[in-house]
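Shown below: run25.txt, with compact mmCIF, C-alpha atoms and all ligand atoms.
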```txt
# COMPACT_ATOMS: atom_id res chain seq x y z
CA MET W 262 -1.86 73.15 -21.59
CA SER W 263 -4.75 75.20 -20.36
CA ILE W 264 -8.09 74.83 -22.06
CA SER W 265 -11.26 76.56 -21.05
CA PHE W 266 -14.70 75.25 -21.84
CA SER W 267 -17.92 77.18 -21.81
CA PRO W 268 -20.45 76.15 -19.15
CA LEU W 269 -22.84 73.35 -20.09
CA ASN W 270 -25.79 74.85 -21.86
CA PRO W 271 -27.99 72.20 -23.47
CA PRO W 272 -30.88 73.37 -25.69
CA ARG W 273 -34.20 73.53 -23.86
CA ARG W 274 -36.32 71.24 -25.99
CA LEU W 275 -39.90 70.26 -25.43
CA LEU W 276 -39.40 66.51 -25.75
CA PHE W 277 -42.45 65.34 -27.70
CA GLY W 278 -40.56 62.32 -29.03
CA PRO W 279 -40.66 58.66 -28.00
CA GLY W 280 -38.09 59.27 -25.26
CA PRO W 281 -36.22 60.57 -23.43
CA THR W 282 -39.23 62.52 -22.21
CA MET W 283 -39.52 65.69 -20.11
CA VAL W 284 -38.12 65.40 -16.61
CA GLU W 285 -39.97 67.06 -13.68
CA PRO W 286 -37.93 69.80 -11.93
CA ARG W 287 -38.23 67.91 -8.61
CA VAL W 288 -36.62 64.87 -10.23
CA TYR W 289 -33.64 67.00 -11.29
CA GLN W 290 -33.52 68.34 -7.72
CA ALA W 291 -33.37 64.82 -6.32
CA MET W 292 -30.27 64.13 -8.42
CA THR W 293 -28.35 66.91 -6.68
CA LYS W 294 -28.57 65.18 -3.26
CA PRO W 295 -25.30 63.82 -1.80
CA VAL W 296 -24.09 60.55 -3.20
CA VAL W 297 -23.80 57.84 -0.53
CA SER W 298 -22.06 54.49 -0.77
CA HIS W 299 -23.67 51.66 -2.67
CA LEU W 300 -23.47 49.62 0.57
CA GLU W 301 -24.89 52.38 2.81
CA PRO W 302 -28.09 51.34 4.64
CA TYR W 303 -29.76 54.60 3.52
CA PHE W 304 -29.26 53.62 -0.11
CA PHE W 305 -31.02 50.30 0.51
CA GLU W 306 -33.94 52.22 2.05
CA VAL W 307 -34.16 54.20 -1.19
CA VAL W 308 -34.03 50.93 -3.13
CA GLU W 309 -36.86 49.45 -1.02
CA ASP W 310 -39.01 52.54 -1.65
CA CYS W 311 -38.32 52.18 -5.38
CA ARG W 312 -39.27 48.51 -5.32
CA LYS W 313 -42.56 49.25 -3.57
CA LEU W 314 -43.38 52.08 -5.96
CA LEU W 315 -42.39 50.01 -9.00
CA ARG W 316 -44.71 47.16 -7.97
CA ALA W 317 -47.60 49.64 -7.94
CA ALA W 318 -46.65 51.01 -11.37
CA PHE W 319 -46.23 47.52 -12.87
CA GLY W 320 -49.52 46.34 -11.34
CA THR W 321 -47.93 43.42 -9.56
CA ALA W 322 -47.31 41.82 -6.20
CA ASN W 323 -44.02 40.32 -7.50
CA GLU W 324 -41.55 40.41 -4.61
CA PHE W 325 -38.68 40.31 -7.12
CA THR W 326 -39.03 43.78 -8.60
CA LEU W 327 -35.95 45.96 -8.93
CA ALA W 328 -34.00 48.19 -11.29
CA MET W 329 -31.04 47.09 -13.38
CA SER W 330 -28.19 49.57 -13.92
CA GLY W 331 -28.50 50.41 -17.60
CA THR W 332 -31.12 51.56 -20.07
CA GLY W 333 -34.18 49.70 -21.36
CA SER W 334 -32.02 47.42 -23.49
CA ALA W 335 -30.25 46.24 -20.32
CA GLY W 336 -33.69 45.29 -19.02
CA MET W 337 -34.37 43.40 -22.25
CA GLN W 338 -31.06 41.60 -22.02
CA THR W 339 -31.71 40.77 -18.36
CA ALA W 340 -34.96 39.06 -19.33
CA VAL W 341 -33.43 37.13 -22.21
CA ALA W 342 -30.10 36.21 -20.56
CA ASN W 343 -31.70 34.88 -17.38
CA PHE W 344 -34.72 33.09 -18.84
CA VAL W 345 -33.75 31.97 -22.35
CA GLU W 346 -31.32 29.06 -22.10
CA PRO W 347 -29.03 27.93 -24.92
CA GLY W 348 -30.84 25.29 -26.96
CA SER W 349 -34.27 26.19 -25.58
CA LYS W 350 -37.20 27.17 -27.76
CA TYR W 351 -37.94 30.88 -27.76
CA ALA W 352 -41.03 32.30 -29.48
CA VAL W 353 -41.20 35.98 -30.42
CA LEU W 354 -44.29 37.87 -31.58
CA ALA W 355 -42.66 40.15 -34.11
CA ASN W 356 -44.35 43.33 -35.34
CA GLY W 357 -41.76 46.06 -34.93
CA PHE W 358 -38.19 47.12 -34.25
CA PHE W 359 -37.96 46.07 -30.60
CA CYS W 360 -39.36 42.61 -31.33
CA ASP W 361 -36.43 42.20 -33.71
CA ARG W 362 -34.02 43.24 -30.96
CA LEU W 363 -35.64 40.63 -28.66
CA THR W 364 -35.14 38.07 -31.42
CA GLU W 365 -31.48 38.96 -31.91
CA MET W 366 -30.76 38.74 -28.18
CA GLY W 367 -32.36 35.27 -28.09
CA ARG W 368 -30.23 34.12 -31.04
CA ARG W 369 -27.10 35.34 -29.30
CA GLN W 370 -28.04 33.31 -26.24
CA GLY W 371 -28.12 30.26 -28.50
CA ALA W 372 -31.89 29.75 -28.42
CA ASN W 373 -33.89 28.11 -31.13
CA VAL W 374 -36.09 31.03 -32.26
CA ALA W 375 -39.62 30.81 -33.70
CA ARG W 376 -41.29 33.99 -34.90
CA LEU W 377 -44.87 34.91 -35.64
CA GLU W 378 -44.70 37.99 -37.85
CA LYS W 379 -46.99 40.92 -38.60
CA PRO W 380 -46.32 44.07 -40.62
CA TRP W 381 -45.14 47.08 -38.60
CA GLY W 382 -48.17 48.99 -37.31
CA GLU W 383 -50.40 45.94 -36.81
CA SER W 384 -51.07 44.16 -33.53
CA PHE W 385 -51.57 40.44 -32.95
CA ASP W 386 -54.99 38.93 -32.70
CA GLU W 387 -54.63 37.16 -29.36
CA ASP W 388 -56.29 33.94 -30.49
CA GLU W 389 -54.00 33.70 -33.49
CA ALA W 390 -50.95 34.21 -31.27
CA ALA W 391 -52.29 31.63 -28.79
CA GLU W 392 -52.64 29.09 -31.59
CA PHE W 393 -49.05 29.72 -32.67
CA ILE W 394 -47.88 29.15 -29.08
CA ARG W 395 -49.84 25.89 -28.75
CA LYS W 396 -48.33 24.67 -32.01
CA GLU W 397 -44.73 25.70 -31.27
CA ARG W 398 -44.72 24.76 -27.54
CA PRO W 399 -41.80 27.09 -26.69
CA ASN W 400 -40.03 27.42 -23.33
CA VAL W 401 -40.34 31.20 -23.42
CA VAL W 402 -42.67 33.60 -25.27
CA ALA W 403 -41.68 37.25 -25.75
CA PHE W 404 -43.75 40.15 -26.99
CA VAL W 405 -43.69 43.95 -26.87
CA GLN W 406 -46.60 45.49 -24.97
CA ALA W 407 -45.88 49.03 -26.22
CA GLU W 408 -44.04 49.01 -29.56
CA THR W 409 -42.38 52.42 -29.75
CA SER W 410 -41.37 52.02 -33.39
CA THR W 411 -45.01 51.80 -34.51
CA GLY W 412 -47.31 53.08 -31.74
CA VAL W 413 -49.03 49.71 -31.21
CA TYR W 414 -50.31 48.42 -27.85
CA GLN W 415 -50.49 44.63 -27.55
CA SER W 416 -53.09 43.09 -25.24
CA SER W 417 -51.90 39.84 -23.72
CA LYS W 418 -54.23 37.96 -21.38
CA THR W 419 -55.02 35.15 -23.85
CA ILE W 420 -51.41 35.03 -25.05
CA CYS W 421 -50.12 34.55 -21.49
CA ALA W 422 -52.77 31.90 -20.76
CA ALA W 423 -51.72 29.92 -23.85
CA ALA W 424 -48.05 30.18 -22.86
CA HIS W 425 -48.80 28.90 -19.36
CA GLU W 426 -50.84 26.04 -20.83
CA VAL W 427 -47.71 24.75 -22.59
CA GLY W 428 -45.47 25.50 -19.58
CA ALA W 429 -43.78 28.56 -21.11
CA LEU W 430 -42.72 31.74 -19.32
CA VAL W 431 -43.80 35.09 -20.79
CA ILE W 432 -41.48 38.07 -21.27
CA ALA W 433 -43.12 41.45 -21.95
CA ASP W 434 -41.37 44.63 -23.06
CA CYS W 435 -43.09 47.37 -21.05
CA VAL W 436 -40.48 50.02 -21.80
CA THR W 437 -42.92 52.63 -23.10
CA SER W 438 -46.10 51.54 -21.32
CA LEU W 439 -44.84 51.72 -17.72
CA GLY W 440 -46.11 54.89 -16.04
CA ALA W 441 -48.39 55.92 -18.90
CA MET W 442 -50.67 53.03 -19.88
CA PRO W 443 -52.07 49.93 -18.16
CA VAL W 444 -49.25 47.41 -17.70
CA ASP W 445 -51.05 45.05 -15.27
CA LEU W 446 -48.51 42.25 -15.01
CA ASP W 447 -50.55 40.11 -12.61
CA ALA W 448 -53.92 40.58 -14.31
CA ASN W 449 -52.37 39.65 -17.68
CA GLY W 450 -50.19 36.82 -16.39
CA ILE W 451 -46.86 38.29 -17.55
CA ASP W 452 -43.91 36.51 -15.85
CA ILE W 453 -40.97 38.77 -16.68
CA ALA W 454 -41.34 42.46 -17.50
CA TYR W 455 -38.75 45.14 -18.08
CA SER W 456 -38.86 48.87 -18.69
CA CYS W 457 -36.72 52.00 -18.57
CA THR W 458 -36.76 55.29 -16.72
CA GLN W 459 -36.79 57.76 -19.63
CA LYS W 460 -40.14 57.09 -21.29
CA GLY W 461 -43.41 56.67 -19.37
CA LEU W 462 -41.68 57.35 -16.04
CA SER W 463 -40.33 60.77 -17.14
CA CYS W 464 -36.93 60.37 -15.48
CA PRO W 465 -33.45 60.62 -17.02
CA PRO W 466 -32.21 57.46 -18.77
CA GLY W 467 -30.01 55.01 -16.90
CA LEU W 468 -32.10 52.44 -15.02
CA ALA W 469 -34.18 49.50 -16.22
CA PRO W 470 -36.96 48.39 -13.86
CA VAL W 471 -37.52 44.63 -13.98
CA SER W 472 -40.20 42.49 -12.36
CA VAL W 473 -40.24 38.69 -12.13
CA SER W 474 -43.15 36.46 -11.05
CA PRO W 475 -42.68 33.85 -8.29
CA ARG W 476 -43.21 31.17 -10.96
CA ALA W 477 -40.33 32.54 -13.06
CA MET W 478 -38.13 32.94 -9.96
CA ASP W 479 -38.71 29.26 -9.12
CA TRP W 480 -37.64 28.37 -12.64
CA LEU W 481 -34.54 30.58 -12.36
CA ARG W 482 -33.51 29.06 -9.01
CA GLY W 483 -33.71 25.63 -10.62
CA ARG W 484 -31.81 26.65 -13.78
CA LYS W 485 -28.83 24.33 -14.26
CA THR W 486 -26.77 26.44 -16.70
CA THR W 487 -25.12 29.72 -15.67
CA PRO W 488 -26.35 32.81 -17.60
CA ALA W 489 -23.62 34.03 -19.96
CA ASP W 490 -24.09 37.63 -18.77
CA TRP W 491 -22.47 38.11 -15.37
CA TYR W 492 -23.50 41.76 -15.00
CA LEU W 493 -27.20 41.05 -15.48
CA ASP W 494 -27.35 37.78 -13.51
CA LEU W 495 -30.48 38.16 -11.35
CA LYS W 496 -29.39 35.59 -8.79
CA LEU W 497 -26.21 37.59 -8.12
CA LEU W 498 -28.20 40.82 -8.02
CA ALA W 499 -30.63 39.33 -5.52
CA ASP W 500 -27.65 38.86 -3.20
CA TYR W 501 -26.82 42.54 -3.53
CA TYR W 502 -30.26 44.14 -3.38
CA GLU W 503 -31.83 41.68 -0.95
CA GLY W 504 -30.69 39.99 2.26
CA ALA W 505 -26.90 39.86 2.38
CA HIS W 506 -26.26 43.10 0.41
CA ARG W 507 -23.14 41.51 -0.98
CA TYR W 508 -21.24 43.83 -3.34
CA HIS W 509 -22.00 43.12 -6.99
CA HIS W 510 -21.45 46.43 -8.77
CA THR W 511 -21.62 50.10 -7.79
CA ALA W 512 -25.24 51.10 -8.28
CA PRO W 513 -25.78 54.53 -9.89
CA ILE W 514 -26.94 56.22 -6.68
CA SER W 515 -28.11 59.54 -8.18
CA LEU W 516 -30.24 57.74 -10.76
CA PHE W 517 -31.97 55.83 -7.98
CA TYR W 518 -32.72 59.16 -6.27
CA ALA W 519 -34.19 60.44 -9.52
CA MET W 520 -36.30 57.34 -10.11
CA ARG W 521 -37.59 57.37 -6.55
CA GLU W 522 -38.69 61.00 -6.94
CA GLY W 523 -40.28 60.27 -10.33
CA LEU W 524 -42.17 57.32 -8.89
CA VAL W 525 -43.30 59.39 -5.90
CA CYS W 526 -44.71 61.97 -8.38
CA ILE W 527 -46.65 59.16 -10.04
CA ALA W 528 -47.91 57.74 -6.73
CA GLU W 529 -49.01 61.20 -5.59
CA GLU W 530 -50.98 61.78 -8.77
CA GLY W 531 -52.33 58.22 -8.67
CA ILE W 532 -51.39 55.71 -11.36
CA GLU W 533 -54.93 55.47 -12.74
CA LYS W 534 -55.33 59.22 -12.90
CA ARG W 535 -52.00 59.48 -14.67
CA GLN W 536 -53.02 56.88 -17.22
CA ALA W 537 -56.32 58.68 -17.79
CA ARG W 538 -54.41 61.94 -18.36
CA HIS W 539 -52.35 60.24 -21.08
CA LYS W 540 -55.50 58.80 -22.64
CA ARG W 541 -57.12 62.23 -22.78
CA SER W 542 -54.06 63.84 -24.32
CA HIS W 543 -53.95 61.08 -26.90
CA GLU W 544 -57.62 61.47 -27.80
CA ALA W 545 -57.27 65.24 -28.05
CA PHE W 546 -54.22 64.87 -30.28
CA VAL W 547 -55.98 62.34 -32.54
CA ALA W 548 -59.00 64.66 -32.79
CA GLY W 549 -56.70 67.52 -33.79
CA ALA W 550 -54.60 65.50 -36.22
CA GLY W 551 -57.74 64.03 -37.78
CA ALA W 552 -59.27 67.47 -38.26
CA MET W 553 -56.14 68.57 -40.11
CA GLY W 554 -56.46 65.57 -42.37
CA LEU W 555 -53.68 63.39 -40.93
CA GLU W 556 -54.32 59.65 -40.79
CA MET W 557 -53.15 57.47 -37.93
CA LEU W 558 -51.01 54.42 -38.77
CA VAL W 559 -52.56 52.22 -36.06
CA LYS W 560 -56.20 51.12 -35.82
CA PRO W 561 -58.34 52.63 -33.04
CA GLY W 562 -58.27 50.54 -29.88
CA ARG W 563 -54.74 49.29 -30.64
CA ARG W 564 -52.96 52.62 -30.23
CA LEU W 565 -50.54 53.66 -27.53
CA TRP W 566 -51.84 56.61 -25.56
CA ASN W 567 -48.43 58.14 -25.05
CA LEU W 568 -46.85 57.58 -28.49
CA ASN W 569 -48.86 58.65 -31.51
CA THR W 570 -47.96 57.74 -35.08
CA PRO W 571 -49.76 59.95 -37.60
CA ARG W 572 -48.81 59.25 -41.21
CA VAL W 573 -46.69 61.83 -43.01
CA PRO W 574 -48.92 63.28 -45.76
CA ASP W 575 -47.97 62.44 -49.36
CA GLY W 576 -45.36 64.76 -50.81
CA ILE W 577 -44.18 66.03 -47.41
CA GLU W 578 -40.70 65.37 -46.04
CA ASP W 579 -40.90 64.51 -42.35
CA LEU W 580 -37.41 65.80 -41.55
CA LYS W 581 -38.25 69.27 -42.87
CA VAL W 582 -41.41 69.42 -40.77
CA ARG W 583 -39.47 68.37 -37.70
CA LYS W 584 -36.80 71.01 -38.31
CA ARG W 585 -39.46 73.70 -38.57
CA LEU W 586 -40.98 72.59 -35.28
CA ILE W 587 -37.62 72.95 -33.55
CA GLU W 588 -37.09 76.39 -35.06
CA TRP W 589 -40.64 77.48 -34.20
CA GLY W 590 -40.72 76.49 -30.56
CA ASP W 591 -38.01 73.98 -29.66
CA VAL W 592 -40.68 71.32 -30.16
CA GLU W 593 -39.04 67.96 -30.84
CA ILE W 594 -40.92 65.07 -32.44
CA LEU W 595 -39.31 62.12 -34.20
CA GLY W 596 -39.80 60.31 -37.47
CA GLY W 597 -40.29 56.65 -38.28
CA PHE W 598 -37.50 54.24 -39.13
CA GLY W 599 -37.06 50.87 -40.82
CA PRO W 600 -40.11 50.17 -43.01
CA LEU W 601 -41.76 53.31 -41.61
CA ALA W 602 -38.90 55.71 -42.45
CA GLY W 603 -40.38 58.90 -43.87
CA LYS W 604 -43.90 57.49 -43.49
CA VAL W 605 -44.90 58.41 -39.93
CA PHE W 606 -44.17 60.96 -37.27
CA ARG W 607 -43.60 59.60 -33.78
CA VAL W 608 -45.20 62.00 -31.35
CA GLY W 609 -44.76 61.26 -27.65
CA ILE W 610 -47.15 63.01 -25.29
CA MET W 611 -46.03 61.85 -21.88
CA GLY W 612 -45.52 62.87 -18.29
CA PRO W 613 -45.46 66.64 -17.74
CA LEU W 614 -46.33 67.25 -21.43
CA ALA W 615 -49.61 65.32 -21.29
CA THR W 616 -51.73 68.41 -20.59
CA GLU W 617 -54.26 70.42 -22.59
CA GLU W 618 -51.94 73.41 -22.87
CA ASN W 619 -49.11 71.33 -24.30
CA VAL W 620 -51.29 69.31 -26.69
CA LEU W 621 -52.69 72.56 -28.12
CA LEU W 622 -49.20 74.04 -28.45
CA LEU W 623 -47.99 70.93 -30.25
CA LEU W 624 -50.93 70.93 -32.68
CA GLU W 625 -50.45 74.63 -33.39
CA GLY W 626 -46.79 74.07 -34.22
CA LEU W 627 -47.44 70.96 -36.28
CA GLU W 628 -50.13 72.67 -38.34
CA LYS W 629 -47.90 75.65 -39.00
CA ALA W 630 -44.91 73.48 -39.95
CA LEU W 631 -46.99 71.30 -42.29
CA ARG W 632 -48.53 74.36 -43.94
CA GLU W 633 -45.10 75.87 -44.54
CA GLU W 634 -44.07 72.62 -46.22
CA GLY W 635 -47.00 72.92 -48.63
CA PHE W 636 -49.64 70.80 -46.92
CA SER W 637 -53.17 72.25 -46.80
CA PRO W 638 -54.90 71.13 -43.60
CA LYS W 639 -58.54 70.10 -44.06
CA GLY W 640 -59.64 71.80 -40.88
CA ASN W 641 -58.37 73.44 -37.73
CA GLY W 642 -56.53 70.96 -35.49
CA VAL W 643 -56.29 73.23 -32.46
CA GLU W 644 -60.03 73.99 -32.56
CA ALA W 645 -60.86 70.29 -32.86
CA ALA W 646 -58.71 69.47 -29.83
CA LYS W 647 -60.29 72.35 -27.89
CA ALA W 648 -63.72 70.98 -28.79
CA TYR W 649 -62.62 67.55 -27.52
CA TYR W 650 -61.55 69.05 -24.19
CA ALA W 651 -64.75 71.12 -23.96
CA GLY W 652 -66.96 68.13 -24.74
C1 LIG W 701 -36.65 52.47 -25.95
C2 LIG W 701 -37.06 51.06 -26.04
C3 LIG W 701 -36.19 50.00 -25.74
C4 LIG W 701 -34.73 50.22 -25.47
O1 LIG W 701 -34.49 51.07 -24.43
P1 LIG W 701 -33.12 51.92 -24.33
O2 LIG W 701 -33.36 52.70 -23.08
O3 LIG W 701 -33.02 52.75 -25.56
O4 LIG W 701 -32.01 50.96 -24.20
C5 LIG W 701 -36.68 48.73 -25.76
N1 LIG W 701 -37.97 48.48 -26.06
C6 LIG W 701 -38.83 49.46 -26.37
C7 LIG W 701 -40.25 49.11 -26.71
C8 LIG W 701 -38.41 50.78 -26.36
O5 LIG W 701 -39.27 51.74 -26.67
```

How does this structure look as C-alpha cells?
Ligand SMILES: *Cc1c(COP(=O)(O)O)cnc(C)c1O
Amino acid sequence: MSISFSPLNPPRRLLFGPGPTMVEPRVYQAMTKPVVSHLEPYFFEVVEDCRKLLRAAFGTANEFTLAMSGTGSAGMQTAVANFVEPGSKYAVLANGFFCDRLTEMGRRQGANVARLEKPWGESFDEDEAAEFIRKERPNVVAFVQAETSTGVYQSSKTICAAAHEVGALVIADCVTSLGAMPVDLDANGIDIAYSCTQKGLSCPPGLAPVSVSPRAMDWLRGRKTTPADWYLDLKLLADYYEGAHRYHHTAPISLFYAMREGLVCIAEEGIEKRQARHKRSHEAFVAGAGAMGLEMLVKPGRRLWNLNTPRVPDGIEDLKVRKRLIEWGDVEILGGFGPLAGKVFRVGIMGPLATEENVLLLLEGLEKALREEGFSPKGNGVEAAKAYYAG
C-alpha cells in the first residue's frame, strides 16, 4: 500500500494563551543539532549548563536542580511522589485548578490531605495560611505560585516560614512563573519547586525543571519508604545526572538542546530585565483593557504579569471572540474553565510576545473582535496602552 502525506504545515499562530508560548527561532535551530547518546559526555555538559542556568532562573543555590523528562505535570508528580509519603499529612492551599491536581496526586500517594480553600481568582492572605499550617502541623505544604487557571500570583515568605516552624517541607508550583516573574526559591524559603519549558521559558513542551533544597534532599535521603513512581524517583535520577551517570532512562536530547538555548536567551537578556519586560507588557495590557471597559478578575498586586484574566463582558460569548481573533490575525487567546468557564479570557503575554508592538496588536484585535460581537468599548484600548508606554 502506498500512501502519500502532505508535508507538515502547522498554522502559524501568535500564541497569546497560557502556554505553549512562542518559541524563539534560535531555540528551534538548537533542536536541529545532531542527537548524541544519553550517556555521551557532551550531553552531560549540556545538562550541567542547563542546571546552572536553571538555578539562576529559579533564584536558588540548590545544587539539586535538574529537568525531569515530561511536562509540568511530571514535575508536579515528582514533587508529590518523592516528598509526600503514604500516611503523611499533606496540606494544600487550594484556589484554582492546579491546586486541585496537587490535591489529587497527594491522595493517590495515600496522604492524609488537608485543604485551605479560596474561590478561584483570590489569593491567600499569608497570615491566614500560616495560621492554618500551625493548626494542621502537616509534613508537607503545597501551593501554586502562579495559578494559570485564574491569573493569581501567590506570595509565600510567611507561608514557608510557618511551614518550617512546624517542620514541614514546602512544595511550590512555579510552572507559569519561571522565566517571567520573580520565583526566588531561596528568598521565599521554598524547598521543592517544579516548572515546565513551554510557559515562562518559551521553549517547546517536554521537560519539567525541578529544584530541591538541601534540607529537602536530606529528608529524601533519610526516607524509609520507596516512592511508588520509579520513573520520577529523584534518588535514581541523581545517579544518572550526577556522579556515576548510571543509565536510568533515555533523556530527550533535543529538548535539552532547546531548553539550554532558551535559558541562554534569558541569561543574555538578564532575568530581572526579562521580568520587568513582562511587567510592562502586563501593565500596558491592563491599561488598554481597562480603557475598553474590561474588568480584571484578580485584584491589583495579586496578578500574574504574564497571564492576564480580563472578565468576559456580559452578553458576550468568549468562544466567538476567540474565533474572530484567530480569523483576524491568527491571534490565539484562551478562555476560562471550571468555575470560570465563559467568564474570563486567559491572555498570556510572554517571552517574545511581551513587547509593545505585540501588546498593541493584541489590543487592536481584541477590541475589533469584541465590537463585532456587539460589545461597545468605553474608550480606545490601543491609545491607552500607547499612553502607558509613552508615560
Ligand atoms: C500548565 C500547568 C501545569 C501542568 O503542566 P503541563 O505541562 O500541562 O503538564 C501545572 N501547573 C500549572 C500552574 C500550570 O500552569

Atom CA of Lys534 of chain W to atom CA of Glu628 of chain W, straight-line distance in Å: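 A separation of 29.2 Å between them.
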
Counting all atoms listed in the file, which residues of chain W fall within 6 Å of ligand LIG 701 (chain W), and what is the closest atom pair for each with its distance in Å at one decimal, ordered by chain and rising number, as a tab-separated table?
```
residue	atom	partner	partner_atom	distance
W:Thr332	CA	W:LIG701	O2	3.9
W:Gly333	CA	W:LIG701	O1	3.4
W:Ser334	CA	W:LIG701	O4	3.6
W:Phe359	CA	W:LIG701	N1	5.1
W:Ala407	CA	W:LIG701	C7	5.7
W:Glu408	CA	W:LIG701	C7	4.7
W:Thr409	CA	W:LIG701	O5	4.4
W:Asp434	CA	W:LIG701	C7	5.9
W:Val436	CA	W:LIG701	C6	4.9
W:Thr437	CA	W:LIG701	O5	5.2
W:Cys457	CA	W:LIG701	O2	5.7
```

Nearest residue to Glu301 of chain W from the set W:Val592, W:Lys629, W:Tyr501, W:Ser330 (distances using only C-alpha atoms): W:Tyr501

Which residues of segment 388-471 of chain W have any atom within 6 Å of an atom in segment 277-300 of chain W when counting all atoms listed in the file, and what is the closest pair of atoms for each, with the distance in Å to one decimal? Order the rows by chain and rising number and write it as CSV.
```
residue,atom,partner,partner_atom,distance
W:Gln459,CA,W:Pro281,CA,4.8
W:Lys460,CA,W:Gly280,CA,5.0
W:Ser463,CA,W:Val284,CA,5.2
W:Cys464,CA,W:Val284,CA,5.3
```

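With only C-alpha atoms as the atoms that count, the residue of W:Arg535, W:Arg541, W:Lys485, W:Arg563 with the shortest distance to Phe385 of chain W is W:Arg563.
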
Who sits within 6 Å of segment 610-627 of chain W, all atoms listed in the file, same chain under 3 positions skipped, as a list in words: Phe277, Ser463, His539, Ser542, Asn567, Ala630 and Val643 of chain W

Contacts of Asp500 of chain W within 12 Å, all atoms listed in the file, excl. fewer than 6 positions in-chain, as a VMD selection string: chain W and resid 325 494 506 to 510

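Restricting the calculation to only C-alpha atoms, the smallest distance between Pro571 of chain W and any of W:Lys647, W:Lys604, W:Arg398, W:Lys584 is found for W:Lys604.
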
Contacts of Arg476 of chain W within 10 Å, all atoms listed in the file, excl. fewer than 2 positions in-chain, as a PyMOL selection string: chain W and resi 323+430+452-453+473-474+478-481

Distance query Ala441 of chain W at most 6 Å, all atoms listed in the file, self and fewer than 3 positions along chain excluded, as a compact mmCIF listing (two decimals) with C-alpha atoms, in the frame of the given file:
```
# COMPACT_ATOMS: atom_id res chain seq x y z
CA SER W 438 -46.10 51.54 -21.32
CA GLY W 461 -43.41 56.67 -19.37
CA GLN W 536 -53.02 56.88 -17.22
```

Given 3 Å of margin on each side, can you work out the centre and size in Å (one decimal) of an axis-aligned box holding every listed atom of segment 509-519 of chain W, as JSON?
```
{"center_x": -27.8, "center_y": 51.8, "center_z": -8.5, "size_x": 18.7, "size_y": 23.3, "size_z": 10.5}
```

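The space separating atom CA of Arg482 of chain W from atom CA of Arg376 of chain W comes to 27.5 Å.
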
Given only C-alpha atoms as the counted atoms, nearest of W:Ala322, W:Ala602, W:Ile527, W:Ala545 to Arg572 of chain W: W:Ala602

Proximity to Ala391 of chain W - best of W:Ser417, W:Gln406, W:Thr458, W:Gln338, all atoms listed in the file: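 Ranking W:Ser417, W:Gln406, W:Thr458, W:Gln338 by distance to Ala391 of chain W, first place goes to W:Ser417.
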
For Glu426 of chain W: contacts at 10 Å, all atoms listed in the file, fewer than 2 positions along chain excluded, given as an NGL selection string: :W and (391 or 394-395 or 398 or 420-424 or 428-429)
